[in-house]
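Heads up, coords.tsv below (TSV, C-alpha atoms):
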```tsv
chain	number	residue	atom	x	y	z
A	205	MET	CA	104.26	120.15	81.82
A	206	ASN	CA	108.03	119.85	82.35
A	207	VAL	CA	109.52	116.96	80.37
A	208	ILE	CA	113.09	115.67	80.47
A	209	VAL	CA	114.36	113.29	77.81
A	210	ILE	CA	117.64	111.38	77.95
A	211	THR	CA	118.76	109.98	74.63
A	212	THR	CA	121.81	108.67	72.82
A	213	PHE	CA	120.98	110.29	69.47
A	214	TYR	CA	119.90	113.87	68.93
A	215	PRO	CA	120.72	116.41	66.20
A	216	GLN	CA	123.48	118.88	67.01
A	217	PRO	CA	123.54	121.39	64.11
A	218	GLY	CA	126.63	123.12	65.47
A	219	ARG	CA	128.68	119.95	65.90
A	220	LYS	CA	129.46	118.39	62.54
A	221	ASP	CA	132.02	116.14	64.25
A	222	LEU	CA	129.26	114.21	66.04
A	223	ILE	CA	127.46	111.35	64.28
A	224	GLN	CA	123.94	112.51	63.38
A	225	ASP	CA	122.30	109.09	63.24
A	226	THR	CA	118.65	110.13	63.42
A	227	SER	CA	116.44	113.10	64.25
A	228	ALA	CA	113.46	110.93	65.20
A	229	ILE	CA	113.48	111.92	68.88
A	230	HIS	CA	113.73	115.61	67.99
A	231	TYR	CA	110.68	115.37	65.75
A	232	ILE	CA	108.78	114.15	68.83
A	233	THR	CA	110.14	116.69	71.34
A	234	ARG	CA	109.52	119.69	69.10
A	235	GLU	CA	105.87	118.64	68.84
A	236	TRP	CA	105.62	118.67	72.63
A	237	VAL	CA	106.95	122.23	72.62
A	238	LYS	CA	104.28	123.21	70.07
A	239	GLN	CA	101.70	121.65	72.39
A	240	GLY	CA	102.80	123.94	75.23
A	241	HIS	CA	105.21	121.73	77.20
A	242	ASP	CA	108.64	122.70	78.50
A	243	VAL	CA	111.09	120.14	77.10
A	244	THR	CA	114.71	119.56	78.09
A	245	VAL	CA	116.82	116.99	76.26
A	246	ILE	CA	119.97	115.55	77.83
A	247	HIS	CA	121.96	114.25	74.89
A	248	CYS	CA	124.43	111.66	76.18
A	249	TYR	CA	126.78	111.27	73.25
A	250	GLY	CA	129.19	108.34	73.34
A	251	HIS	CA	132.35	108.45	71.23
A	252	TYR	CA	133.10	105.00	69.85
A	253	PHE	CA	136.24	103.13	70.86
A	254	ARG	CA	137.34	102.83	67.23
A	255	GLU	CA	137.71	106.62	67.04
A	256	LEU	CA	140.57	106.43	69.54
A	257	ILE	CA	142.43	104.14	67.16
A	258	LYS	CA	141.55	105.69	63.80
A	259	GLU	CA	141.51	109.35	64.82
A	260	PRO	CA	143.87	109.87	67.77
A	261	GLY	CA	143.83	113.40	69.12
A	262	LYS	CA	140.39	114.16	67.68
A	263	HIS	CA	138.62	114.71	70.99
A	264	ASP	CA	138.96	117.33	73.68
A	265	PHE	CA	138.68	115.12	76.75
A	266	ARG	CA	138.57	118.20	79.00
A	267	ARG	CA	134.92	118.76	78.13
A	268	PHE	CA	133.89	115.14	78.57
A	269	VAL	CA	131.29	114.38	81.29
A	270	LYS	CA	130.59	118.11	81.76
A	271	ILE	CA	127.17	119.46	80.79
A	272	GLN	CA	127.36	121.69	77.72
A	273	GLU	CA	124.52	124.09	76.97
A	274	CYS	CA	123.56	123.94	73.28
A	275	SER	CA	121.48	126.28	71.17
A	276	ILE	CA	117.72	126.05	71.60
A	277	ASN	CA	116.51	123.74	68.82
A	278	GLU	CA	112.96	124.61	67.70
A	279	GLY	CA	112.02	125.46	71.26
A	280	VAL	CA	113.72	122.43	72.81
A	281	ARG	CA	116.36	123.08	75.50
A	282	VAL	CA	119.32	120.83	74.66
A	283	LEU	CA	122.11	119.82	77.05
A	284	LEU	CA	125.04	117.76	75.79
A	285	THR	CA	127.38	115.50	77.72
A	286	GLU	CA	130.14	113.76	75.77
A	287	ASN	CA	131.76	110.58	76.99
A	288	GLN	CA	133.98	107.79	75.74
A	289	TYR	CA	132.95	104.18	75.21
A	290	TRP	CA	136.01	102.36	76.57
A	291	VAL	CA	134.86	98.84	75.69
A	292	ARG	CA	135.31	97.82	72.05
A	293	ASN	CA	131.99	97.27	70.22
A	294	ALA	CA	130.03	98.15	73.37
A	295	LYS	CA	127.50	100.94	73.84
A	296	TRP	CA	127.52	101.35	77.58
A	297	TYR	CA	129.66	103.22	80.07
A	298	LEU	CA	131.93	101.91	82.79
A	299	PRO	CA	130.52	102.14	86.35
A	300	VAL	CA	132.86	105.01	87.25
A	301	GLN	CA	131.68	106.92	84.16
A	302	GLN	CA	128.03	106.37	85.00
A	303	LYS	CA	128.58	107.75	88.48
A	304	LYS	CA	130.35	110.84	87.13
A	305	ILE	CA	127.72	111.49	84.45
A	306	ALA	CA	124.89	111.28	87.00
A	307	SER	CA	126.77	113.59	89.35
A	308	SER	CA	127.33	116.09	86.54
A	309	ILE	CA	123.62	116.11	85.62
A	310	ASN	CA	122.56	116.51	89.25
A	311	GLN	CA	125.04	119.34	89.80
A	312	TYR	CA	123.90	121.19	86.68
A	313	PHE	CA	120.23	121.21	87.67
A	314	LYS	CA	121.10	122.14	91.26
A	315	GLU	CA	123.20	125.11	90.20
A	316	LYS	CA	121.62	126.29	86.93
A	317	MET	CA	117.96	125.28	87.33
A	318	PRO	CA	117.40	125.00	91.10
A	319	ASP	CA	113.64	125.61	90.93
A	320	TYR	CA	113.04	123.23	88.02
A	321	LYS	CA	110.79	120.29	88.87
A	322	PRO	CA	110.22	117.77	86.06
A	323	ASP	CA	106.88	116.00	85.75
A	324	ILE	CA	108.24	113.08	83.71
A	325	LEU	CA	111.67	111.67	82.84
A	326	LEU	CA	111.75	109.75	79.54
A	327	VAL	CA	114.83	107.67	78.85
A	328	HIS	CA	115.46	106.32	75.36
A	329	PHE	CA	118.04	103.51	75.01
A	330	PRO	CA	117.60	102.80	78.77
A	331	THR	CA	120.06	99.89	79.03
A	332	GLN	CA	122.89	102.36	78.42
A	333	TYR	CA	121.90	104.50	81.39
A	334	ILE	CA	121.03	102.09	84.22
A	335	GLY	CA	123.84	103.32	86.45
A	336	ILE	CA	123.00	106.92	85.61
A	337	THR	CA	119.23	107.12	86.00
A	338	GLU	CA	119.27	105.26	89.32
A	339	ARG	CA	121.53	108.02	90.71
A	340	LEU	CA	119.58	111.03	89.43
A	341	ASP	CA	117.93	113.30	92.00
A	342	PHE	CA	114.68	113.64	90.01
A	343	THR	CA	111.70	112.41	92.02
A	344	CYS	CA	109.25	112.47	89.13
A	345	ARG	CA	107.68	109.59	87.23
A	346	LYS	CA	110.22	107.70	85.09
A	347	ALA	CA	109.59	105.94	81.78
A	348	ALA	CA	111.95	103.84	79.66
A	349	VAL	CA	111.64	103.50	75.87
A	350	PHE	CA	113.45	100.53	74.35
A	351	HIS	CA	115.21	100.60	70.97
A	352	LYS	CA	116.77	97.73	69.00
A	353	THR	CA	120.20	98.15	70.62
A	354	ASP	CA	118.66	97.60	74.06
A	355	LEU	CA	117.61	94.10	73.04
A	356	GLY	CA	121.22	93.06	72.44
A	357	THR	CA	122.27	94.43	75.82
A	358	LEU	CA	119.49	92.52	77.60
A	359	LEU	CA	120.58	89.30	75.93
A	360	SER	CA	124.22	89.80	76.92
A	361	ILE	CA	123.53	91.17	80.43
A	362	PRO	CA	120.41	89.39	81.78
A	363	LYS	CA	120.66	91.02	85.22
A	364	ALA	CA	119.90	94.37	83.58
A	365	ARG	CA	116.25	93.37	83.35
A	366	LEU	CA	115.62	93.47	87.11
A	367	LYS	CA	117.44	96.77	87.51
A	368	LEU	CA	115.39	98.36	84.77
A	369	GLN	CA	112.13	97.16	86.29
A	370	ASN	CA	113.17	98.63	89.65
A	371	ILE	CA	114.15	102.03	88.22
A	372	TYR	CA	111.20	102.77	85.95
A	373	ASP	CA	107.52	103.26	86.65
A	374	ILE	CA	106.53	102.37	83.10
A	375	ILE	CA	108.30	100.72	80.17
A	376	GLY	CA	107.59	101.11	76.47
A	377	THR	CA	109.18	100.48	73.12
A	378	ARG	CA	109.49	102.03	69.68
A	379	SER	CA	107.69	99.32	67.70
A	380	VAL	CA	105.23	96.47	68.04
A	381	GLN	CA	107.75	93.94	66.74
A	382	LEU	CA	110.34	94.98	69.33
A	383	GLN	CA	107.63	94.75	71.97
A	384	LYS	CA	107.13	91.08	71.05
A	385	LYS	CA	110.87	90.36	71.19
A	386	LEU	CA	111.21	91.98	74.62
A	387	VAL	CA	108.56	89.66	76.05
A	388	LYS	CA	110.93	86.76	75.32
A	389	CYS	CA	113.54	88.55	77.48
A	390	GLY	CA	111.10	88.90	80.35
A	391	ILE	CA	110.29	92.57	79.73
A	392	ASN	CA	106.61	93.44	79.44
A	393	THR	CA	105.98	96.86	77.90
A	394	THR	CA	102.75	98.82	78.13
A	395	PHE	CA	103.04	101.37	75.31
A	396	VAL	CA	104.58	101.95	71.89
A	397	ALA	CA	106.22	105.34	71.27
A	398	GLN	CA	105.84	105.64	67.52
A	399	SER	CA	107.17	108.38	65.28
A	400	GLY	CA	105.04	110.39	62.92
A	401	ILE	CA	105.27	112.58	59.83
A	402	ASP	CA	104.70	116.31	59.50
A	403	ALA	CA	101.22	116.68	58.05
A	404	ASP	CA	102.31	119.32	55.55
A	405	ILE	CA	104.60	116.95	53.62
A	406	ILE	CA	101.96	114.25	53.03
A	407	LEU	CA	100.80	114.18	49.41
A	408	SER	CA	97.32	115.49	48.75
A	409	ASP	CA	94.92	113.39	46.71
A	410	ILE	CA	95.43	115.68	43.72
A	411	SER	CA	99.23	115.42	43.93
A	412	PHE	CA	98.98	111.66	44.36
A	413	ARG	CA	96.88	111.21	41.23
A	414	ASP	CA	99.19	113.53	39.30
A	415	LYS	CA	102.22	111.50	40.38
A	416	TRP	CA	100.82	108.15	39.29
A	417	GLU	CA	98.63	109.05	36.32
A	418	ASN	CA	101.41	111.03	34.63
A	419	ARG	CA	104.22	108.52	34.99
A	420	GLY	CA	106.63	108.37	32.10
A	421	ASN	CA	107.94	105.29	30.31
A	422	GLU	CA	111.33	105.14	32.03
A	423	GLY	CA	110.47	101.93	33.84
A	424	LEU	CA	110.16	101.37	37.58
A	425	LYS	CA	111.79	104.13	39.63
A	426	ILE	CA	113.14	102.61	42.84
A	427	VAL	CA	114.71	104.53	45.72
A	428	TYR	CA	116.53	103.71	48.96
A	429	ALA	CA	117.43	106.25	51.65
A	430	GLY	CA	119.48	105.57	54.78
A	431	GLY	CA	122.88	104.42	55.91
A	432	ILE	CA	124.79	102.11	53.60
A	433	THR	CA	125.83	99.67	56.30
A	434	THR	CA	125.71	95.92	56.83
A	435	ASP	CA	122.38	96.00	58.69
A	436	LYS	CA	120.66	97.95	55.93
A	437	ASN	CA	121.16	95.23	53.28
A	438	VAL	CA	121.45	97.62	50.35
A	439	GLY	CA	123.44	94.89	48.61
A	440	THR	CA	120.39	92.63	48.81
A	441	ILE	CA	118.37	95.17	46.82
A	442	ILE	CA	121.11	95.37	44.19
A	443	LYS	CA	121.31	91.56	43.89
A	444	ALA	CA	117.52	91.36	43.53
A	445	LEU	CA	117.61	93.94	40.75
A	446	GLY	CA	120.44	91.99	39.12
A	447	ILE	CA	118.14	88.97	38.95
A	448	LEU	CA	115.57	91.13	37.15
A	449	ARG	CA	117.86	93.02	34.78
A	450	ALA	CA	116.55	91.17	31.70
A	451	LYS	CA	112.90	91.25	32.83
A	452	VAL	CA	112.21	94.72	34.26
A	453	ARG	CA	113.19	98.22	33.18
A	454	PHE	CA	114.22	100.15	36.29
A	455	SER	CA	116.42	102.81	37.82
A	456	PHE	CA	117.72	102.56	41.38
A	457	THR	CA	118.59	105.69	43.37
A	458	VAL	CA	120.60	105.25	46.57
A	459	ILE	CA	120.62	108.14	49.05
A	460	GLY	CA	123.10	107.98	51.92
A	461	GLU	CA	126.63	107.06	52.88
A	462	GLY	CA	128.25	104.25	54.84
A	463	ASN	CA	131.10	101.80	55.05
A	464	CYS	CA	129.41	99.38	52.63
A	465	LYS	CA	129.03	101.86	49.78
A	466	ALA	CA	132.10	100.65	47.85
A	467	ASP	CA	130.93	97.04	48.21
A	468	CYS	CA	127.49	98.00	46.88
A	469	ILE	CA	129.02	99.69	43.84
A	470	ARG	CA	131.10	96.57	43.15
A	471	THR	CA	127.96	94.42	43.55
A	472	ALA	CA	126.14	96.60	41.01
A	473	GLU	CA	129.05	96.22	38.59
A	474	LYS	CA	129.18	92.44	39.12
A	475	ASN	CA	125.43	92.17	38.48
A	476	GLU	CA	125.76	94.34	35.36
A	477	ILE	CA	123.33	97.02	36.53
A	478	ILE	CA	125.74	99.82	37.47
A	479	ASP	CA	124.36	102.08	34.71
A	480	ALA	CA	120.90	101.87	36.30
A	481	CYS	CA	122.19	102.68	39.80
A	482	HIS	CA	122.66	106.24	41.00
A	483	PHE	CA	124.53	106.80	44.28
A	484	LEU	CA	123.69	110.36	45.36
A	485	GLY	CA	125.40	110.40	48.76
A	486	ARG	CA	123.88	112.33	51.67
A	487	LEU	CA	121.01	114.66	50.88
A	488	THR	CA	118.99	117.02	53.05
A	489	ARG	CA	115.63	115.83	54.30
A	490	ALA	CA	113.86	118.09	51.80
A	491	GLU	CA	115.98	116.74	48.94
A	492	THR	CA	115.28	113.17	50.04
A	493	ILE	CA	111.54	113.82	50.17
A	494	SER	CA	111.76	115.25	46.65
A	495	GLN	CA	113.47	112.09	45.39
A	496	MET	CA	110.77	109.97	47.03
A	497	ARG	CA	108.05	112.03	45.38
A	498	GLU	CA	109.56	111.17	41.99
A	499	ALA	CA	109.94	107.44	42.78
A	500	ASP	CA	107.47	104.59	42.31
A	501	VAL	CA	108.89	102.17	44.87
A	502	PHE	CA	110.85	102.59	48.11
A	503	ILE	CA	112.79	99.58	49.41
A	504	MET	CA	114.56	99.10	52.73
A	505	VAL	CA	115.01	95.49	53.82
A	506	SER	CA	117.15	96.15	56.87
A	507	GLN	CA	117.59	93.89	59.86
A	508	ARG	CA	117.50	94.84	63.57
A	509	GLU	CA	115.54	97.98	62.65
A	510	THR	CA	113.56	99.58	65.49
A	511	LEU	CA	111.36	101.85	63.38
A	512	GLY	CA	112.84	103.59	60.37
A	513	LEU	CA	111.26	107.02	60.00
A	514	VAL	CA	112.27	106.88	56.35
A	515	TYR	CA	109.60	104.23	55.69
A	516	LEU	CA	106.92	106.65	56.84
A	517	GLU	CA	108.37	109.44	54.73
A	518	ALA	CA	108.31	107.20	51.65
A	519	MET	CA	104.70	106.17	52.29
A	520	SER	CA	103.76	109.82	52.71
A	521	GLN	CA	105.08	110.54	49.22
A	522	GLY	CA	102.94	107.92	47.52
A	523	CYS	CA	105.68	105.30	47.12
A	524	ILE	CA	104.87	101.61	47.08
A	525	THR	CA	106.92	100.62	50.11
A	526	ILE	CA	108.73	97.33	50.70
A	527	GLY	CA	110.04	96.63	54.21
A	528	SER	CA	111.35	93.76	56.31
A	529	ARG	CA	109.08	91.12	57.82
A	530	ASP	CA	109.30	90.86	61.64
A	531	GLU	CA	111.24	94.13	61.93
A	532	GLY	CA	110.11	97.51	63.26
A	533	ILE	CA	107.97	98.53	60.29
A	534	ASP	CA	106.01	95.26	60.38
A	535	GLY	CA	102.64	96.16	61.86
A	536	ILE	CA	102.54	99.60	60.32
A	537	LEU	CA	103.28	98.19	56.89
A	538	LEU	CA	100.73	95.45	56.25
A	539	ASN	CA	101.67	93.00	53.52
A	540	GLU	CA	99.68	93.42	50.29
A	541	LYS	CA	97.47	96.07	51.92
A	542	ASN	CA	99.46	99.29	52.26
A	543	GLY	CA	102.83	97.94	51.14
A	544	TYR	CA	104.81	94.73	51.11
A	545	LEU	CA	106.99	92.76	53.52
A	546	VAL	CA	109.80	90.37	52.63
A	547	GLN	CA	112.42	88.48	54.58
A	548	SER	CA	115.41	90.68	55.32
A	549	GLY	CA	118.41	89.65	53.22
A	550	ASN	CA	116.44	87.39	50.86
A	551	GLU	CA	117.15	88.73	47.37
A	552	LYS	CA	115.08	86.04	45.60
A	553	GLU	CA	111.92	86.86	47.54
A	554	LEU	CA	112.57	90.57	47.01
A	555	ALA	CA	113.12	90.07	43.27
A	556	ALA	CA	109.83	88.18	43.01
A	557	ARG	CA	108.01	91.00	44.78
A	558	ILE	CA	109.55	93.71	42.57
A	559	LEU	CA	108.63	91.71	39.47
A	560	ALA	CA	105.03	91.36	40.70
A	561	ILE	CA	104.82	95.11	41.26
A	562	ALA	CA	106.28	95.85	37.83
A	563	GLU	CA	103.75	93.56	36.15
A	564	SER	CA	100.74	94.79	38.15
A	565	SER	CA	98.21	97.20	36.68
A	566	LEU	CA	98.34	100.94	37.32
A	567	GLU	CA	95.18	100.60	39.38
A	568	GLU	CA	96.81	98.00	41.66
A	569	LYS	CA	99.94	100.12	42.06
A	570	MET	CA	97.84	103.12	43.00
A	571	ARG	CA	95.69	101.08	45.41
A	572	VAL	CA	98.68	99.97	47.47
A	573	ALA	CA	100.44	103.33	47.35
A	574	TYR	CA	97.30	105.25	48.35
A	575	ALA	CA	96.63	102.85	51.24
A	576	GLY	CA	100.10	103.82	52.49
A	577	ILE	CA	99.19	107.50	52.39
A	578	GLU	CA	95.97	106.82	54.29
A	579	THR	CA	97.98	105.00	56.97
A	580	ILE	CA	100.37	107.93	57.36
A	581	ARG	CA	97.53	110.44	57.61
A	582	GLN	CA	96.71	108.71	60.91
A	583	MET	CA	100.36	109.00	62.02
A	584	THR	CA	101.11	112.70	61.93
A	585	SER	CA	103.85	114.02	64.22
A	586	GLU	CA	101.28	115.96	66.22
A	587	LYS	CA	99.11	112.92	66.88
A	588	THR	CA	101.88	110.41	67.65
A	589	ALA	CA	103.66	112.84	70.00
A	590	GLU	CA	100.43	113.53	71.87
A	591	ASP	CA	99.63	109.79	72.13
A	592	TYR	CA	103.17	109.08	73.39
A	593	LEU	CA	102.94	111.59	76.23
A	594	LYS	CA	99.48	110.42	77.24
A	595	SER	CA	100.78	106.85	77.43
A	596	VAL	CA	103.40	107.62	80.07
A	597	LEU	CA	101.35	109.78	82.42
```
This entry written out as structure tokens:
Amino acid sequence: MNVIVITTFYPQPGRKDLIQDTSAIHYITREWVKQGHDVTVIHCYGHYFRELIKEPGKHDFRRFVKIQECSINEGVRVLLTENQYWVRNAKWYLPVQQKKIASSINQYFKEKMPDYKPDILLVHFPTQYIGITERLDFTCRKAAVFHKTDLGTLLSIPKARLKLQNIYDIIGTRSVQLQKKLVKCGINTTFVAQSGIDADIILSDISFRDKWENRGNEGLKIVYAGGITTDKNVGTIIKALGILRAKVRFSFTVIGEGNCKADCIRTAEKNEIIDACHFLGRLTRAETISQMREADVFIMVSQRETLGLVYLEAMSQGCITIGSRDEGIDGILLNEKNGYLVQSGNEKELAARILAIAESSLEEKMRVAYAGIETIRQMTSEKTAEDYLKSVL
């Protein structure tokens, strides 16, 4: 089967100047390749308006709009088109840009792949590409997959809803919680395109028992991995730990970078827990998994989260996982069954939950952590990718 994917985010190993926000879509597409499908990704990368102000002269505008052929990435054919967001704080293109991007895509396939006939076009972040997808020459079935940023666009541009429903044959979303929110905007979705975890990184039963039964006496080992930005609420975790500093022995490892890192360090100092906090910066995926394997608890209480792959990675490593209620992980993470859910940004509720975990028996800790592993064993990359493709055909 020939599959085309249009997406805003996709890893570009050879382009360190591009923001590498997430590899979640790549983890899906590479599975399709393993399953025998021909996959082409059109990576529509938008340079933010703020870059024009902060880093003038950074970009080579001569290559913008044009289709750039990238290296094959684990069997996936990757095409890149760079463009500029001209509206401050907006993630959509001007009408003239949309027309040019669509023309560039059509011209590329006409000249470089004239005999190529896609069976399905999958568009992630579809509100960004309304004026593009409606101009594409592809006559195949079209499916849209909504992410959290699409919700904001629908709320600010209500007329986008009708256009989307006219363009696409089927509409889905990345999480059950986002599916519920879209209903309030008048968008009914029929499938959920979830991410999965590589089966070979999931802890075995033997490794799980070894992790928990041979814990040292260093106190609760807590880890966070992701961007250190406003939406991620890393400061909330630090404030919650500050509340507990006289009650619970702990260490807190923070993996990632972001514009709120300095504020988080100051918050740790203000709450007198800086010595227990370890800011490691960006790590590779393998290094992050290793840190999770050593940790007892993973916490990410972000807001406006579609579906953080990092939650699944933490669960796969036998961590007791705490996520945000009513956000993307809610529904996969079931409160008090395979993890815990708290209100995003509520440090008092989070502190109470951490204290309860710290005071619980080893058997209770292992029960919750192992339930998380059992959940992830049903969400391998192979299975979720196969389910996703079946849902759109």
Between CA of Thr488 (chain A) and CA of Gln521 (chain A) lies a distance of 15.8 Å
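Shortest separation to Gly423 (chain A) among A:Lys436, A:Lys314, A:Arg449, A:Arg581 occurs at residue A:Arg449, atoms counted being only C-alpha atoms.
Taking CA of Gly431 (chain A) and CA of Leu284 (chain A) as endpoints, the distance between them is 24.0 Å.
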Which polymer residues have any atom within 8 Å of an atom of Tyr515 (chain A), counting all atoms listed in the file, with same-chain residues fewer than 2 positions away left out, as a PyMOL selection string?
-> chain A and resi 502+504+512-513+517-519+525+527+533
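We find CA of Asp530 (chain A) and CA of Pro330 (chain A) to be spaced 22.5 Å apart.
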Write out as a short mmCIF file (atom, residue, chain, number, x, y, z; two decimals) with C-alpha atoms, in the frame of the given file which residues come within 9 Å of Ala429 (chain A) when counting all atoms listed in the file, dropping same-chain ones fewer than 3 positions away.
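The result, written out as around.cif:
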```cif
data_model
loop_
_atom_site.label_atom_id
_atom_site.label_comp_id
_atom_site.auth_asym_id
_atom_site.auth_seq_id
_atom_site.Cartn_x
_atom_site.Cartn_y
_atom_site.Cartn_z
CA ILE A 432 124.79 102.11 53.60
CA THR A 457 118.59 105.69 43.37
CA VAL A 458 120.60 105.25 46.57
CA ILE A 459 120.62 108.14 49.05
CA GLY A 460 123.10 107.98 51.92
CA ARG A 486 123.88 112.33 51.67
CA THR A 492 115.28 113.17 50.04
CA MET A 496 110.77 109.97 47.03
CA PHE A 502 110.85 102.59 48.11
CA ILE A 503 112.79 99.58 49.41
CA MET A 504 114.56 99.10 52.73
CA VAL A 514 112.27 106.88 56.35
#
```
Pick out the closest residue to Arg497 (chain A) from this set: A:Arg419, A:Lys295, A:Arg529, A:Lys220. Count all atoms listed in the file.
-> A:Arg419
Leaving out Thr285 (chain A) and any residue of its chain fewer than 3 positions from it, which residues lie within 8 Å of it when counting all atoms listed in the file, given as a count of residues only?
-> 10
Counting only C-alpha atoms, which residues of region 286-347 of chain A sit at most 10 Å from some atom of region 591-595 of chain A, and what is each one's closest atom pair with its distance in Å to one decimal, listed by chain and rising residue number, as JSON lines?
```
{"residue": "A:Ile324", "atom": "CA", "partner": "A:Leu593", "partner_atom": "CA", "distance": 9.3}
{"residue": "A:Leu326", "atom": "CA", "partner": "A:Leu593", "partner_atom": "CA", "distance": 9.6}
{"residue": "A:Ala347", "atom": "CA", "partner": "A:Ser595", "partner_atom": "CA", "distance": 9.9}
```
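Nearest residue to Thr471 (chain A) among A:Gln507, A:Thr440, A:Ser528, A:Gln288 is A:Thr440, counting only C-alpha atoms.
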For His351 (chain A), the nearest of the candidates A:Ile334, A:Val237, A:Cys468, A:Leu511, counting only C-alpha atoms = A:Leu511
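Using all atoms listed in the file for every distance, the candidate list A:Ala499, A:Val282, A:Ile229, A:Leu222 yields A:Ile229 as the residue closest to Ala397 (chain A).
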Wanna dump the region 367-449 of chain A-region 574-578 of chain A contacts at 10 Å for me, each residue with its shortest atom pair and the distance in Å to one decimal, counting all atoms listed in the file, ordered by chain and number, as a tab-separated table?
```
residue	atom	partner	partner_atom	distance
A:Ile406	CA	A:Ile577	CA	7.3
A:Leu407	CA	A:Ile577	CA	7.5
A:Ser408	CA	A:Ile577	CA	9.0
A:Asp409	CA	A:Tyr574	CA	8.6
A:Phe412	CA	A:Tyr574	CA	7.7
A:Arg413	CA	A:Tyr574	CA	9.3
```
What lies within 12 Å of Asn277 (chain A) using all atoms listed in the file, ignoring chain neighbours under 2 positions off, as a PyMOL selection string?
-> chain A and resi 214-218+227+230-231+233-235+237+243-245+273-275+279-283
